[in-house]
$ cat entry.pdb   # PDB, C-alpha atoms and all ligand atoms
ATOM      1  CA  MET W   1      27.588 -25.683  23.202
ATOM      2  CA  PRO W   2      27.194 -26.134  19.451
ATOM      3  CA  LYS W   3      24.470 -24.236  17.667
ATOM      4  CA  LYS W   4      21.073 -24.852  19.217
ATOM      5  CA  SER W   5      20.492 -28.583  19.165
ATOM      6  CA  TYR W   6      17.199 -28.308  21.026
ATOM      7  CA  THR W   7      13.800 -27.004  20.027
ATOM      8  CA  LYS W   8      12.047 -26.956  23.413
ATOM      9  CA  ILE W   9      13.088 -25.990  26.916
ATOM     10  CA  ALA W  10      11.855 -27.545  30.169
ATOM     11  CA  MET W  11      12.745 -25.851  33.436
ATOM     12  CA  TRP W  12      12.380 -28.840  35.701
ATOM     13  CA  LEU W  13      12.331 -28.220  39.429
ATOM     14  CA  LEU W  14      13.324 -31.755  40.309
ATOM     15  CA  ASN W  15      12.865 -31.615  44.061
ATOM     16  CA  MET W  16      12.484 -29.379  47.064
ATOM     17  CA  GLU W  17      14.995 -31.284  49.125
ATOM     18  CA  CYS W  18      18.401 -29.838  49.753
ATOM     19  CA  ASN W  19      21.387 -30.627  51.944
ATOM     20  CA  PHE W  20      21.832 -26.873  52.503
ATOM     21  CA  GLN W  21      19.657 -24.489  54.456
ATOM     22  CA  CYS W  22      20.565 -21.061  53.158
ATOM     23  CA  PRO W  23      18.829 -18.291  55.100
ATOM     24  CA  TYR W  24      17.564 -16.740  51.863
ATOM     25  CA  CYS W  25      16.289 -19.928  50.252
ATOM     26  CA  PHE W  26      12.889 -19.409  48.702
ATOM     27  CA  TYR W  27      11.986 -22.923  49.873
ATOM     28  CA  ASP W  28      12.765 -22.268  53.486
ATOM     29  CA  ASP W  29       9.162 -22.536  54.530
ATOM     30  CA  GLY W  30       7.701 -24.304  57.534
ATOM     31  CA  GLN W  31       6.653 -27.330  55.545
ATOM     32  CA  ARG W  32      10.096 -27.881  54.142
ATOM     33  CA  SER W  33      11.782 -27.362  57.489
ATOM     34  CA  LEU W  34       9.599 -29.996  59.088
ATOM     35  CA  LYS W  35      10.210 -32.386  56.221
ATOM     36  CA  GLN W  36      13.942 -31.799  56.476
ATOM     37  CA  LYS W  37      13.932 -32.367  60.219
ATOM     38  CA  LEU W  38      12.218 -35.708  59.699
ATOM     39  CA  GLN W  39      14.647 -36.603  56.965
ATOM     40  CA  LEU W  40      17.625 -35.755  59.136
ATOM     41  CA  LYS W  41      16.194 -37.910  61.916
ATOM     42  CA  MET W  42      15.801 -40.767  59.459
ATOM     43  CA  LEU W  43      19.387 -40.280  58.363
ATOM     44  CA  ASP W  44      20.534 -40.844  61.955
ATOM     45  CA  LEU W  45      18.466 -44.012  62.168
ATOM     46  CA  PHE W  46      19.190 -45.412  58.704
ATOM     47  CA  PRO W  47      22.404 -43.838  57.452
ATOM     48  CA  SER W  48      22.598 -46.080  54.410
ATOM     49  CA  LYS W  49      19.174 -45.048  53.111
ATOM     50  CA  ASN W  50      18.537 -42.315  50.616
ATOM     51  CA  LEU W  51      16.300 -39.916  52.455
ATOM     52  CA  TYR W  52      15.001 -37.992  49.592
ATOM     53  CA  LYS W  53      12.379 -40.457  48.495
ATOM     54  CA  THR W  54       9.409 -38.229  48.059
ATOM     55  CA  ARG W  55       7.739 -38.479  44.702
ATOM     56  CA  PHE W  56      10.229 -39.220  41.997
ATOM     57  CA  ILE W  57      10.327 -40.569  38.523
ATOM     58  CA  THR W  58      12.675 -43.269  37.341
ATOM     59  CA  PRO W  59      15.304 -42.348  34.759
ATOM     60  CA  GLU W  60      13.602 -44.638  32.235
ATOM     61  CA  LYS W  61      10.189 -43.013  32.698
ATOM     62  CA  ALA W  62      11.644 -39.520  32.489
ATOM     63  CA  LYS W  63      13.428 -40.441  29.273
ATOM     64  CA  GLN W  64      10.219 -41.937  27.863
ATOM     65  CA  PHE W  65       8.318 -38.767  28.707
ATOM     66  CA  PHE W  66      10.692 -36.433  26.892
ATOM     67  CA  ASP W  67      11.396 -38.796  23.980
ATOM     68  CA  ALA W  68       7.669 -39.346  23.368
ATOM     69  CA  THR W  69       7.194 -35.638  22.650
ATOM     70  CA  GLY W  70       9.282 -36.062  19.503
ATOM     71  CA  HIS W  71      11.325 -32.967  20.357
ATOM     72  CA  ARG W  72      14.890 -32.430  21.463
ATOM     73  CA  TRP W  73      14.811 -30.659  24.805
ATOM     74  CA  LEU W  74      17.110 -28.456  26.789
ATOM     75  CA  ILE W  75      16.220 -29.607  30.297
ATOM     76  CA  VAL W  76      17.176 -27.296  33.133
ATOM     77  CA  LEU W  77      17.508 -29.439  36.244
ATOM     78  CA  SER W  78      17.320 -27.513  39.482
ATOM     79  CA  GLY W  79      15.784 -27.834  42.911
ATOM     80  CA  GLY W  80      16.335 -28.029  45.901
ATOM     81  CA  GLU W  81      19.608 -29.739  45.185
ATOM     82  CA  PRO W  82      19.483 -32.018  42.134
ATOM     83  CA  PHE W  83      22.368 -34.184  43.338
ATOM     84  CA  VAL W  84      20.193 -35.517  46.182
ATOM     85  CA  TYR W  85      17.517 -36.651  43.722
ATOM     86  CA  PRO W  86      17.289 -40.445  43.648
ATOM     87  CA  LYS W  87      19.383 -41.850  40.785
ATOM     88  CA  PHE W  88      20.334 -38.370  39.656
ATOM     89  CA  VAL W  89      23.366 -39.488  37.647
ATOM     90  CA  GLU W  90      21.327 -42.264  36.012
ATOM     91  CA  LEU W  91      18.609 -39.722  35.210
ATOM     92  CA  VAL W  92      21.117 -37.414  33.504
ATOM     93  CA  GLU W  93      22.650 -40.367  31.685
ATOM     94  CA  ALA W  94      19.261 -41.500  30.345
ATOM     95  CA  LEU W  95      18.110 -38.019  29.325
ATOM     96  CA  GLY W  96      21.506 -37.248  27.807
ATOM     97  CA  GLU W  97      21.037 -39.870  25.099
ATOM     98  CA  LYS W  98      18.785 -37.478  23.227
ATOM     99  CA  HIS W  99      18.537 -34.220  25.145
ATOM    100  CA  GLN W 100      20.826 -31.677  26.752
ATOM    101  CA  MET W 101      20.803 -30.373  30.280
ATOM    102  CA  ILE W 102      21.677 -27.389  32.403
ATOM    103  CA  ILE W 103      22.303 -28.322  36.028
ATOM    104  CA  GLY W 104      21.844 -25.889  38.911
ATOM    105  CA  THR W 105      23.683 -27.055  42.008
ATOM    106  CA  ASN W 106      25.408 -25.947  45.191
ATOM    107  CA  LEU W 107      28.282 -28.277  44.205
ATOM    108  CA  SER W 108      28.661 -29.646  47.710
ATOM    109  CA  LEU W 109      28.041 -33.332  47.057
ATOM    110  CA  PRO W 110      30.445 -35.801  45.430
ATOM    111  CA  ILE W 111      30.736 -35.558  41.643
ATOM    112  CA  ASP W 112      32.958 -38.600  41.013
ATOM    113  CA  LYS W 113      30.159 -40.824  39.706
ATOM    114  CA  PHE W 114      28.868 -37.973  37.556
ATOM    115  CA  LEU W 115      32.303 -37.459  36.005
ATOM    116  CA  GLU W 116      32.653 -41.169  35.423
ATOM    117  CA  LYS W 117      29.309 -41.620  33.656
ATOM    118  CA  ILE W 118      28.330 -38.349  31.972
ATOM    119  CA  LYS W 119      29.792 -37.029  28.732
ATOM    120  CA  PRO W 120      30.269 -33.241  28.408
ATOM    121  CA  GLY W 121      28.185 -33.248  25.203
ATOM    122  CA  MET W 122      25.120 -34.122  27.272
ATOM    123  CA  ILE W 123      25.439 -31.002  29.389
ATOM    124  CA  HIS W 124      24.900 -27.465  28.150
ATOM    125  CA  SER W 125      26.302 -26.009  31.368
ATOM    126  CA  PHE W 126      26.365 -26.041  35.125
ATOM    127  CA  TYR W 127      25.271 -23.074  37.138
ATOM    128  CA  ALA W 128      26.898 -23.583  40.462
ATOM    129  CA  SER W 129      26.029 -21.361  43.396
ATOM    130  CA  LEU W 130      28.629 -20.681  46.024
ATOM    131  CA  HIS W 131      26.441 -20.257  49.093
ATOM    132  CA  LEU W 132      29.353 -19.157  51.240
ATOM    133  CA  GLY W 133      27.601 -18.741  54.595
ATOM    134  CA  GLU W 134      25.844 -22.104  54.543
ATOM    135  CA  ARG W 135      28.917 -23.808  53.092
ATOM    136  CA  GLU W 136      31.044 -22.604  55.988
ATOM    137  CA  ARG W 137      28.317 -23.398  58.517
ATOM    138  CA  GLN W 138      28.575 -26.985  57.287
ATOM    139  CA  HIS W 139      32.397 -26.890  57.503
ATOM    140  CA  LEU W 140      32.703 -27.217  53.748
ATOM    141  CA  SER W 141      35.508 -25.174  52.283
ATOM    142  CA  VAL W 142      35.596 -22.798  49.339
ATOM    143  CA  ASP W 143      38.527 -24.889  48.094
ATOM    144  CA  ASP W 144      36.250 -27.927  47.884
ATOM    145  CA  PHE W 145      33.886 -25.967  45.616
ATOM    146  CA  LEU W 146      36.772 -24.585  43.564
ATOM    147  CA  GLU W 147      38.357 -28.000  43.183
ATOM    148  CA  LYS W 148      35.067 -29.470  41.896
ATOM    149  CA  ALA W 149      34.503 -26.575  39.497
ATOM    150  CA  VAL W 150      38.053 -27.001  38.141
ATOM    151  CA  ARG W 151      37.616 -30.768  37.763
ATOM    152  CA  LEU W 152      34.380 -30.278  35.845
ATOM    153  CA  THR W 153      35.963 -27.646  33.622
ATOM    154  CA  LYS W 154      39.003 -29.798  32.915
ATOM    155  CA  ALA W 155      36.674 -32.672  32.010
ATOM    156  CA  GLY W 156      35.076 -30.432  29.357
ATOM    157  CA  PHE W 157      31.981 -29.119  31.163
ATOM    158  CA  LYS W 158      31.040 -25.455  31.111
ATOM    159  CA  VAL W 159      30.663 -24.132  34.649
ATOM    160  CA  GLU W 160      29.065 -20.797  35.493
ATOM    161  CA  ILE W 161      29.408 -19.685  39.094
ATOM    162  CA  ASP W 162      27.377 -17.242  41.096
ATOM    163  CA  TYR W 163      27.726 -15.748  44.559
ATOM    164  CA  VAL W 164      24.698 -14.448  46.406
ATOM    165  CA  MET W 165      25.347 -10.932  47.670
ATOM    166  CA  TYR W 166      23.915 -11.567  51.120
ATOM    167  CA  PRO W 167      24.691  -8.298  52.935
ATOM    168  CA  GLU W 168      27.171  -9.759  55.438
ATOM    169  CA  LEU W 169      28.987 -11.617  52.634
ATOM    170  CA  ILE W 170      29.438  -8.682  50.243
ATOM    171  CA  PRO W 171      32.878  -7.714  51.690
ATOM    172  CA  ARG W 172      34.264 -11.181  50.874
ATOM    173  CA  PHE W 173      33.144 -11.256  47.238
ATOM    174  CA  LEU W 174      36.222  -9.677  45.650
ATOM    175  CA  GLU W 175      38.687 -11.975  47.344
ATOM    176  CA  ILE W 176      36.691 -15.025  46.220
ATOM    177  CA  HIS W 177      36.312 -13.599  42.731
ATOM    178  CA  GLU W 178      40.064 -13.117  42.404
ATOM    179  CA  ARG W 179      40.816 -16.558  43.762
ATOM    180  CA  PHE W 180      38.568 -18.201  41.149
ATOM    181  CA  LYS W 181      39.871 -15.944  38.406
ATOM    182  CA  LYS W 182      43.342 -17.419  38.896
ATOM    183  CA  GLU W 183      41.819 -20.764  37.890
ATOM    184  CA  GLY W 184      40.129 -19.223  34.854
ATOM    185  CA  LEU W 185      36.662 -19.115  36.474
ATOM    186  CA  PHE W 186      34.422 -16.054  36.603
ATOM    187  CA  VAL W 187      32.247 -15.605  39.687
ATOM    188  CA  GLU W 188      29.087 -13.633  39.001
ATOM    189  CA  ALA W 189      27.357 -11.460  41.579
ATOM    190  CA  LYS W 190      23.762 -12.431  42.237
ATOM    191  CA  VAL W 191      21.468 -10.167  44.197
ATOM    192  CA  PHE W 192      19.892 -11.376  47.414
ATOM    193  CA  ARG W 193      16.108 -11.193  47.695
ATOM    194  CA  GLY W 194      14.597 -11.126  51.140
ATOM    195  CA  MET W 195      14.877  -9.459  54.544
ATOM    196  CA  TYR W 196      18.148  -8.746  56.322
ATOM    197  CA  GLY W 197      18.627  -6.578  59.408
ATOM    198  CA  GLY W 198      15.023  -5.404  59.149
ATOM    199  CA  LYS W 199      15.542  -4.194  55.569
ATOM    200  CA  LYS W 200      14.104  -5.504  52.355
ATOM    201  CA  TYR W 201      16.484  -6.508  49.557
ATOM    202  CA  PRO W 202      17.301  -5.907  46.752
ATOM    203  CA  GLU W 203      15.547  -2.560  47.330
ATOM    204  CA  SER W 204      17.927  -1.660  50.176
ATOM    205  CA  TYR W 205      21.203  -2.033  48.272
ATOM    206  CA  THR W 206      22.977   1.298  47.966
ATOM    207  CA  GLN W 207      23.715   2.809  44.566
ATOM    208  CA  GLU W 208      27.405   2.090  45.154
ATOM    209  CA  GLU W 209      26.627  -1.588  45.782
ATOM    210  CA  ARG W 210      24.427  -1.745  42.680
ATOM    211  CA  ASP W 211      27.179  -0.273  40.516
ATOM    212  CA  PHE W 212      29.678  -2.701  42.004
ATOM    213  CA  PHE W 213      27.445  -5.752  41.366
ATOM    214  CA  SER W 214      26.823  -4.658  37.788
ATOM    215  CA  LYS W 215      30.527  -5.007  37.030
ATOM    216  CA  TYR W 216      30.252  -8.670  37.959
ATOM    217  CA  THR W 217      26.949  -9.368  36.187
ATOM    218  CA  PRO W 218      27.904  -9.833  32.545
ATOM    219  CA  SER W 219      24.416 -10.397  31.129
ATOM    220  CA  GLU W 220      22.346  -7.312  30.335
ATOM    221  CA  VAL W 221      19.185  -9.322  31.034
ATOM    222  CA  ASP W 222      20.454 -10.315  34.482
ATOM    223  CA  ARG W 223      21.465  -6.747  35.216
ATOM    224  CA  ALA W 224      18.037  -5.464  34.221
ATOM    225  CA  ALA W 225      16.244  -8.114  36.275
ATOM    226  CA  SER W 226      18.443  -7.692  39.357
ATOM    227  CA  PHE W 227      16.881  -4.683  40.992
ATOM    228  CA  LYS W 228      13.420  -4.391  39.528
ATOM    229  CA  ASP W 229      10.664  -6.627  38.276
ATOM    230  CA  LEU W 230      10.403  -6.791  34.517
ATOM    231  CA  SER W 231       6.999  -6.922  32.906
ATOM    232  CA  PHE W 232       5.917  -8.196  29.495
ATOM    233  CA  THR W 233       2.164  -8.220  30.014
ATOM    234  CA  GLY W 234       0.473  -8.319  26.609
ATOM    235  CA  VAL W 235       3.753  -8.975  24.753
ATOM    236  CA  PRO W 236       3.906 -12.214  22.693
ATOM    237  CA  CYS W 237       5.908 -14.896  24.515
ATOM    238  CA  SER W 238       6.595 -18.407  23.292
ATOM    239  CA  ALA W 239       6.550 -19.861  26.816
ATOM    240  CA  GLY W 240       3.952 -22.611  26.708
ATOM    241  CA  PHE W 241       4.863 -23.259  23.080
ATOM    242  CA  ASP W 242       8.588 -23.927  23.292
ATOM    243  CA  LEU W 243       9.332 -23.486  27.015
ATOM    244  CA  VAL W 244       7.641 -24.966  30.080
ATOM    245  CA  ARG W 245       8.115 -25.207  33.815
ATOM    246  CA  ILE W 246       7.877 -28.628  35.473
ATOM    247  CA  PHE W 247       7.299 -28.543  39.224
ATOM    248  CA  ALA W 248       8.500 -31.128  41.742
ATOM    249  CA  ASN W 249       4.985 -32.571  41.918
ATOM    250  CA  GLY W 250       5.076 -33.179  38.160
ATOM    251  CA  VAL W 251       2.728 -30.350  37.223
ATOM    252  CA  ILE W 252       3.714 -28.637  33.985
ATOM    253  CA  THR W 253       2.912 -24.966  33.522
ATOM    254  CA  ARG W 254       3.538 -22.335  30.891
ATOM    255  CA  CYS W 255       6.429 -20.784  32.828
ATOM    256  CA  PRO W 256       7.422 -20.217  36.472
ATOM    257  CA  HIS W 257       4.980 -17.314  36.773
ATOM    258  CA  ASP W 258       2.058 -18.242  34.555
ATOM    259  CA  ARG W 259       0.585 -21.336  36.199
ATOM    260  CA  GLU W 260      -1.609 -22.333  33.252
ATOM    261  CA  ASN W 261      -1.625 -26.115  33.540
ATOM    262  CA  LEU W 262      -0.214 -27.871  30.470
ATOM    263  CA  GLY W 263       0.128 -31.401  31.801
ATOM    264  CA  ASN W 264       1.897 -33.609  34.285
ATOM    265  CA  LEU W 265       5.196 -35.432  34.084
ATOM    266  CA  PHE W 266       4.064 -38.328  36.256
ATOM    267  CA  SER W 267       0.982 -39.015  34.186
ATOM    268  CA  GLY W 268       2.901 -38.453  30.957
ATOM    269  CA  LYS W 269       0.604 -35.697  29.708
ATOM    270  CA  LEU W 270       1.762 -32.574  27.913
ATOM    271  CA  LYS W 271      -0.319 -30.191  25.847
ATOM    272  CA  LEU W 272       1.823 -27.392  24.496
ATOM    273  CA  HIS W 273       0.388 -24.216  22.999
ATOM    274  CA  LYS W 274       0.003 -24.460  19.247
ATOM    275  CA  THR W 275       0.899 -20.801  18.760
ATOM    276  CA  VAL W 276       2.786 -18.030  20.541
ATOM    277  CA  LYS W 277       0.496 -16.153  22.934
ATOM    278  CA  PRO W 278       0.746 -12.875  24.848
ATOM    279  CA  CYS W 279       2.107 -12.883  28.383
ATOM    280  CA  VAL W 280      -0.783 -12.558  30.833
ATOM    281  CA  VAL W 281       1.001 -12.160  34.159
ATOM    282  CA  PRO W 282       2.211  -8.891  35.699
ATOM    283  CA  ASN W 283       5.889  -9.713  36.313
ATOM    284  CA  CYS W 284       8.589 -11.862  34.788
ATOM    285  CA  LYS W 285      11.765 -13.005  36.505
ATOM    286  CA  CYS W 286      12.294 -15.772  33.967
ATOM    287  CA  THR W 287      15.650 -14.598  32.666
ATOM    288  CA  LEU W 288      16.176 -17.868  30.784
ATOM    289  CA  ALA W 289      13.004 -17.288  28.741
ATOM    290  CA  ILE W 290      14.218 -13.769  27.980
ATOM    291  CA  LYS W 291      17.745 -14.883  27.088
ATOM    292  CA  GLU W 292      16.338 -17.643  24.880
ATOM    293  CA  LYS W 293      14.263 -14.958  23.114
ATOM    294  CA  CYS W 294      10.879 -16.440  24.013
ATOM    295  CA  VAL W 295       9.915 -12.818  24.549
ATOM    296  CA  ASP W 296      11.430  -9.636  23.132
ATOM    297  CA  PHE W 297      13.587  -8.081  25.869
ATOM    298  CA  GLU W 298      13.274  -4.681  24.204
ATOM    299  CA  LYS W 299       9.511  -4.771  24.784
ATOM    300  CA  ARG W 300       9.865  -4.876  28.581
ATOM    301  CA  LYS W 301       7.805  -2.371  30.520
TER
HETATM  302  S1  LIG Z 401      21.471 -24.479  48.073
HETATM  303 FE1  LIG Z 401      19.781 -23.524  46.936
HETATM  304  S2  LIG Z 401      18.023 -24.868  47.289
HETATM  305 FE2  LIG Z 401      19.578 -25.391  48.807
HETATM  306  S3  LIG Z 401      19.028 -24.186  50.627
HETATM  307 FE3  LIG Z 401      20.543 -23.003  49.444
HETATM  308  S4  LIG Z 401      19.331 -21.660  48.111
HETATM  309 FE4  LIG Z 401      17.979 -23.293  48.869
HETATM  310  S1  LIG Z 402       7.110 -13.102  29.572
HETATM  311 FE1  LIG Z 402       7.906 -14.206  31.349
HETATM  312  S2  LIG Z 402       6.172 -14.343  32.758
HETATM  313 FE2  LIG Z 402       5.344 -13.839  30.723
HETATM  314  S3  LIG Z 402       4.804 -15.816  29.817
HETATM  315 FE3  LIG Z 402       6.884 -15.282  29.137
HETATM  316  S4  LIG Z 402       8.240 -16.286  30.600
HETATM  317 FE4  LIG Z 402       6.203 -16.229  31.525
END

$ encode --input "entry.pdb" --output "structure tokens"
Amino acid sequence: MPKKSYTKIAMWLLNMECNFQCPYCFYDDGQRSLKQKLQLKMLDLFPSKNLYKTRFITPEKAKQFFDATGHRWLIVLSGGEPFVYPKFVELVEALGEKHQMIIGTNLSLPIDKFLEKIKPGMIHSFYASLHLGERERQHLSVDDFLEKAVRLTKAGFKVEIDYVMYPELIPRFLEIHERFKKEGLFVEAKVFRGMYGGKKYPESYTQEERDFFSKYTPSEVDRAASFKDLSFTGVPCSAGFDLVRIFANGVITRCPHDRENLGNLFSGKLKLHKTVKPCVVPNCKCTLAIKEKCVDFEKRK
């Protein structure tokens, strides 16, 4: 990406819906499971319908919202799975006229329309997660993921790939890493958070595993945030001033952790901080805010 062309960052959690059901998904709660079951039932009954019609905003309205702020935004679109969001490609197309995007995806759904309509200049990068276990459970191959990542790269998009180090999948990481390397793609190790075999992770990774993962985690910030919670309580952070979180229900907060309400996407309201304020929450896992220097990484506790 050229030198920063944006002045504000919005981490927009587009939806909670996903075509995957990874065992470690932080959305795998009872509510979501029930909603997904209903959606799957509807899919059987009305295969031609888009099932993911919860609350969504049209591409035009989303564009109006961001344009009306007068800023150029870096919009991080994640979910759920953004590619199941209604009119996702149209949304990216509309936002891309003035803003740039990062797209977090499991790269399992077709990308043909995306490649046809979206120019690489609109996209800062993809972060594509290779959820190997769920991918194979759905009879989707690693080659399918690789082929899509290569197509995107050849079309001029930057694609970053991560692999969740779910304990039973750790032994397969190296082989996958080498396979992608042959195509010029680097697969990053991402720690698993949750319970497995009665043990809590990432706390239960051995030192050997930690050292191994570190070799495949290029960013110092990611390495630092992998195994322990970082804290910046009391340290000035520009989240709320030049970075916000937008939740799937439209609520806009200072960041993923500080839920101070700054507006709502659906009602078109946004009230950013006028100055940089200290962080007031105990922990920060917002590596993007740290990498974007909203807060001074060296002042972590
Ligand atoms: S792909 Fe992501 S959002 Fe979907 S189930 Fe897996 S972890 Fe959750
Ligand atoms: S330091 Fe982290 S948790 Fe604190 S306000 Fe900034 S982004 Fe949020």

$ residues_near_ligand --input "entry.pdb" --ligand "ligand LIG 401 (chain Z)" --cutoff "6 Å" --atoms "all atoms listed in the file" --output "list in words"
Cys18, Phe20, Gln21, Cys22, Cys25, Gly79, Gly80, Glu81 and Asn106 of chain W

$ resolve_selection --input "entry.pdb" --expression "the PyMOL selection byres (((chain W and resi 211-228) around 6) and not hetatm)" --output "list in words"
Glu188, Ala189, Pro202, Glu208, Glu209, Arg210 and Asp229 of chain W

$ write_last_selection --input "entry.pdb" --atoms "C-alpha atoms" --output "PDB file, in the frame of the given file"
ATOM      1  CA  GLU W 188      29.087 -13.633  39.001  1.00  0.00           C
ATOM      2  CA  ALA W 189      27.357 -11.460  41.579  1.00  0.00           C
ATOM      3  CA  PRO W 202      17.301  -5.907  46.752  1.00  0.00           C
ATOM      4  CA  GLU W 208      27.405   2.090  45.154  1.00  0.00           C
ATOM      5  CA  GLU W 209      26.627  -1.588  45.782  1.00  0.00           C
ATOM      6  CA  ARG W 210      24.427  -1.745  42.680  1.00  0.00           C
ATOM      7  CA  ASP W 229      10.664  -6.627  38.276  1.00  0.00           C
TER       8      ASP W 229
END

$ resolve_selection --input "entry.pdb" --expression "the PyMOL selection byres (((chain W and resi 127) around 6) and not hetatm)" --output "number ranges by chain"
W: 104, 126, 128, 160-161

$ closest_residue --input "entry.pdb" --among "W:Gly156, W:Ala10, W:Pro171, W:Lys200" --to "ligand LIG 402 (chain Z)" --atoms "only C-alpha atoms and all ligand atoms"
W:Ala10

$ residues_around --input "entry.pdb" --residues "W:Glu60" --least-positions-apart "6" --cutoff "12 Å" --atoms "all atoms listed in the file" --output "PyMOL selection string"
chain W and resi 66-68+87-88+90-97

$ axis_aligned_box --input "entry.pdb" --around "ligand LIG 402 (chain Z)" --padding-each-side "6 Å" --output "lines of an AutoDock Vina configuration file"
center_x = 6.5
center_y = -14.7
center_z = 30.9
size_x = 15.4
size_y = 15.2
size_z = 15.6

$ residues_near_ligand --input "entry.pdb" --ligand "ligand LIG 402 (chain Z)" --cutoff "8 Å" --atoms "only C-alpha atoms and all ligand atoms" --output "PyMOL selection string"
chain W and resi 231-233+235-240+254-258+278-287+289-290+294-295

$ closest_residue --input "entry.pdb" --among "W:Ile111, W:Ile102, W:Leu132, W:Val251" --to "W:Phe83" --atoms "only C-alpha atoms"
W:Ile111

$ atom_distance --input "entry.pdb" --atom1 "atom CA of W:Gly194" --atom2 "atom CA of W:Glu134"
16.1 Å

$ atom_distance --input "entry.pdb" --atom1 "atom CA of W:Lys190" --atom2 "atom CA of W:Gln100"
24.9 Å

$ closest_residue --input "entry.pdb" --among "W:Asn19, W:Phe180, W:Phe65, W:Met122" --to "W:Ser108" --atoms "all atoms listed in the file"
W:Asn19

$ atom_distance --input "entry.pdb" --atom1 "atom CA of W:Leu174" --atom2 "atom CA of W:Phe145"
16.5 Å
